[in-house]
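Structure, as structure tokens:
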Amino acid sequence: MLPLDLPWYRRLLGFAFAIGLGGGVLGLTYLAITNTGIDLLFGSAGTTAWSGEWWWIPLVAFGALAVVAIREWWNVEDHVPGAIEAISSARADHKKVPGWVVLSAISVVTGASLGPSFALVMMGGALGSWIAERRWAEGKTNRAYTLTGMAGGLGGAFTAPVFGAFMVSEIAPTPREGYVAAIIPQLIASTVGFAFFYLVIGRTFLGSFRLPPYDFELGHMVVAAGLGVAAAGVLFAFVAIQSLVSWVSKRVPNRYVFAGVGGAAVGLIAVALPLTLGSGNSQLSSVITDSATLGVGLLLVVLVGKMVALAISLSVGFIGGNVFPMMFLGGTAGTIVHLMFPGVPYALAVSVMLAAVPGGSLRSPMSLTLISAITVGLGATTVAPVAVAVVTSYVVVATVQYLLSNRKQGTGQPRQATS
């Protein structure tokens, strides 16, 4: 039952509408500004190799230097929590978030290989936190308002009302006995945020990647499990690249030097591989539409290039989301699988990898299964392979992390003397 006997909860149900609407207005404003800037600077981007503009290199380098300088000027801490981390902790400091959002906008517009999910989640969460702190500021109340705002932000980001609430409820540690009470205001905010976005832009993220339908076969479950393992492999490759970039960054003492060189490197990758630009949402549409023309070789290079660009963007000081970029990695990997193994239906390969690559690290299997199914346009039966792949990917990643953790602990223990 809903705790309607609690005054703060009744107020939350009412404020959920305002939080969803406010988050929708803020999110749409952010997207209008950043999309206008991206179209102005990178609207001529093609899809073939070396079809970018050479002046992108100094532009992205300048963007990285500007972000680093502003972060130092505003005393922004070195570690800014990402959207997933913020949802997990149910915290969005409304005093800090405006500055983070400005930095995110600069990052995205100047060519960082990042997406808008960070800003949209943080703005929604900060709005909820601000309302709670001004009226009923403490503990559980603040947490509930913050998560409601984050759900509204995600609902707008994906223009999918259920997705925002599902992802927040999966990632945030919500006790089972309080799950329904927590998700109801989140669903309200997410739905209102979606409705506002749809009213203004007239389209949704649903069905973004239209692929030919396929007839489900039981054997596809086995294929999906194999693709889940492959998705974990893609994620491991990205982690390895990210670790290498982090290792290099620690050996460059001057942050401005690393920002300038790293930004130039992201710009060079964009010139060589324009499909690595930005969040990856529109770029994935191009990958799916033009896959036969692009070919396996180029798409493999794009896949690795996107990993490198994303890793550098996260290391040089840029601020932004990585949910959409990770989905791009998954969708591109799925396209490669279909081109290499035509017997694997296109919609199966893309939908499975689209969810399973980010699913290896995010604690939101239901949400990713849902968003993959509705963006690719799958039927009810064909959702099952997506769920199998997401679970497989997550289990493989968790198992490897567990084994590595045990190995480190074992090597760190002193050996006992033998007689």
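Every chain in the structure tokens has a letter given in the order shown (A, B, ...), and although residue numbers restart at 1 in each chain, ligands are simply numbered from 1 in the order shown.
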Skipping near chain neighbours, those fewer than 2 positions away, what residues fall within 6 Å of stretch 76-93 of chain A using only C-alpha atoms, listed as a JSON list (two decimals) with N, CA and C atoms, in the first residue's frame?
```json
[["chain", "number", "residue", "atom", "x", "y", "z"],
["A", 71, "ARG", "N", 36.83, 24.49, -14.79],
["A", 71, "ARG", "CA", 36.76, 23.63, -13.60],
["A", 71, "ARG", "C", 37.70, 24.14, -12.50],
["A", 74, "TRP", "N", 36.28, 27.50, -11.11],
["A", 74, "TRP", "CA", 35.12, 27.31, -10.24],
["A", 74, "TRP", "C", 35.38, 26.34, -9.09],
["A", 95, "LYS", "N", 23.38, 22.95, -5.59],
["A", 95, "LYS", "CA", 24.29, 24.10, -5.62],
["A", 95, "LYS", "C", 25.42, 23.88, -6.62],
["A", 96, "LYS", "N", 25.78, 22.63, -6.85],
["A", 96, "LYS", "CA", 26.88, 22.32, -7.75],
["A", 96, "LYS", "C", 26.41, 21.96, -9.16],
["A", 97, "VAL", "N", 25.22, 21.38, -9.26],
["A", 97, "VAL", "CA", 24.74, 20.87, -10.54],
["A", 97, "VAL", "C", 24.70, 21.92, -11.65],
["A", 118, "PHE", "N", 23.87, 12.62, -18.56],
["A", 118, "PHE", "CA", 24.40, 13.18, -17.31],
["A", 118, "PHE", "C", 23.64, 14.45, -16.93],
["A", 125, "GLY", "N", 17.35, 15.61, -10.85],
["A", 125, "GLY", "CA", 17.64, 15.30, -9.45],
["A", 125, "GLY", "C", 17.85, 16.54, -8.61],
["A", 126, "ALA", "N", 18.55, 17.52, -9.17],
["A", 126, "ALA", "CA", 18.81, 18.76, -8.42],
["A", 126, "ALA", "C", 17.52, 19.53, -8.18],
["A", 143, "ARG", "N", 15.85, 12.18, -0.44],
["A", 143, "ARG", "CA", 16.17, 11.07, -1.33],
["A", 143, "ARG", "C", 15.02, 10.80, -2.29],
["A", 147, "LEU", "N", 15.32, 11.24, -6.39],
["A", 147, "LEU", "CA", 15.14, 10.13, -7.32],
["A", 147, "LEU", "C", 13.94, 10.36, -8.24],
["A", 171, "ILE", "N", 18.60, 0.87, -10.24],
["A", 171, "ILE", "CA", 19.95, 1.28, -9.85],
["A", 171, "ILE", "C", 19.99, 1.76, -8.40],
["A", 172, "ALA", "N", 18.97, 2.53, -8.00],
["A", 172, "ALA", "CA", 18.94, 3.04, -6.63],
["A", 172, "ALA", "C", 18.57, 1.89, -5.68]]
```
**Q.** alpha helix (DSSP H) residues, from DSSP on the backbone, in stretch 286-381 of chain A, as JSON, numbers by chain
**A.** {"A": [286, 287, 288, 289, 291, 292, 293, 294, 295, 296, 297, 298, 299, 300, 301, 302, 303, 304, 305, 306, 307, 308, 309, 310, 311, 312, 313, 314, 315, 316, 323, 324, 325, 326, 327, 328, 329, 330, 331, 332, 333, 334, 335, 336, 337, 338, 339, 340, 346, 347, 348, 349, 350, 351, 352, 353, 354, 355, 356, 357, 358, 359, 365, 366, 367, 368, 369, 370, 371, 372, 373, 374, 375, 376]}
Q. What is the distance between atom CA of A:Gly37 and atom CA of A:Phe258, in Å to one decimal?
A. 24.7 Å
Q) Which residues, written as number ranges by chain, have at least one atom at most 10 Å from A:Val102, with only C-alpha atoms counted and residues fewer than 6 positions away on the same chain left out? A) A: 30, 67, 70, 119, 319
Q: Just the residues within 12 Å of A:Ala224, please, counting only C-alpha atoms, with nothing from its chain fewer than 5 positions along; format it as a VMD selection string.
A: chain A and resid 216 to 219 229 to 231 334 337 344 to 345 347 to 356 382 to 393
Q: Between A:Arg134, A:Arg363, A:Lys306, A:Arg176, single out the one closest to A:Gly330, counting only C-alpha atoms.
A: A:Lys306
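Checking A:Leu339, A:Leu127, A:Met327, A:Leu314 one by one against A:Ser372, counting only C-alpha atoms, you find the shortest gap at A:Met327.
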Q | Separation of atom CA of A:Ile188 from atom CA of A:Phe328 in Å | A | 28.7 Å
Q | Gap from atom CA of A:Ala32 to atom CA of A:Phe324 - Å, one decimal | A |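 So the two atoms, atom CA of A:Ala32 and atom CA of A:Phe324, lie 17.4 Å apart.
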**Q.** Close residues, A:Leu277 itself excluded, 12 Å, only C-alpha atoms, min 4 positions apart in chain, as JSON, numbers by chain
**A.** {"A": [38, 39, 41, 42, 43, 44, 45, 46, 47, 52, 56, 60, 107, 108, 109, 110, 111, 112, 113, 114, 115, 266, 267, 268, 269, 270, 271, 272, 273, 281, 282, 283, 284, 302, 303, 305, 306, 307, 308, 309, 310, 313, 324, 325, 328]}
Emit the selected residues as a compact mmCIF listing (two decimals), in the first residue's frame, including C-alpha atoms.
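Listing of selection_22.txt after writing:
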```
# COMPACT_ATOMS: atom_id res chain seq x y z
CA ILE A 38 26.44 20.47 -32.53
CA ASP A 39 24.55 21.01 -35.79
CA LEU A 41 29.83 22.88 -35.76
CA PHE A 42 29.51 19.25 -36.83
CA GLY A 43 26.42 19.18 -39.02
CA SER A 44 28.49 18.43 -42.12
CA ALA A 45 29.91 15.21 -40.67
CA GLY A 46 29.81 12.28 -43.06
CA THR A 47 30.02 8.57 -42.42
CA GLY A 52 35.55 15.11 -41.20
CA TRP A 56 37.69 19.99 -35.61
CA VAL A 60 37.98 19.89 -29.56
CA SER A 107 31.90 19.51 -23.53
CA VAL A 108 29.17 18.15 -25.78
CA VAL A 109 29.09 21.15 -28.13
CA THR A 110 32.87 21.22 -28.63
CA GLY A 111 33.05 17.59 -29.68
CA ALA A 112 33.46 15.38 -26.62
CA SER A 113 32.41 11.80 -27.34
CA LEU A 114 29.74 11.96 -24.63
CA GLY A 115 25.96 12.20 -24.36
CA VAL A 266 39.53 13.12 -29.92
CA GLY A 267 39.26 15.68 -32.72
CA LEU A 268 41.62 13.67 -34.93
CA ILE A 269 39.56 10.53 -34.35
CA ALA A 270 36.45 12.51 -35.33
CA VAL A 271 38.12 13.70 -38.53
CA ALA A 272 39.13 10.15 -39.43
CA LEU A 273 35.93 8.52 -38.18
CA ASN A 281 22.41 8.19 -31.12
CA SER A 282 22.10 9.62 -34.64
CA GLN A 283 25.41 7.99 -35.58
CA LEU A 284 24.02 4.54 -34.73
CA VAL A 302 34.80 2.81 -35.71
CA LEU A 303 34.07 0.55 -32.74
CA GLY A 305 37.82 4.51 -32.30
CA LYS A 306 34.68 5.23 -30.30
CA MET A 307 36.13 3.38 -27.31
CA VAL A 308 39.31 5.45 -27.48
CA ALA A 309 37.42 8.73 -27.98
CA LEU A 310 35.07 7.94 -25.08
CA SER A 313 36.81 12.30 -23.20
CA PHE A 324 24.19 6.64 -25.17
CA PRO A 325 27.86 6.09 -26.18
CA PHE A 328 26.35 2.99 -29.68
```
Q | Residues within 12 Å of A:Ser243, only C-alpha atoms, excluding chain neighbours under 4 positions, as an MDAnalysis selection string | A | chainID A and resid 236:239 247:250 307:308 311:312 314:315
Q: Show which residues sit within 9 Å of A:Tyr9, as a PyMOL selection string. Count only C-alpha atoms, and ignore same-chain residues fewer than 5 positions away.
A: chain A and resi 2-4+14+141+144+181
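Using only C-alpha atoms, the smallest distance between any of A:Gly321, A:Ala105, A:Ser246, A:Ile336 and A:Val121 comes from A:Gly321.
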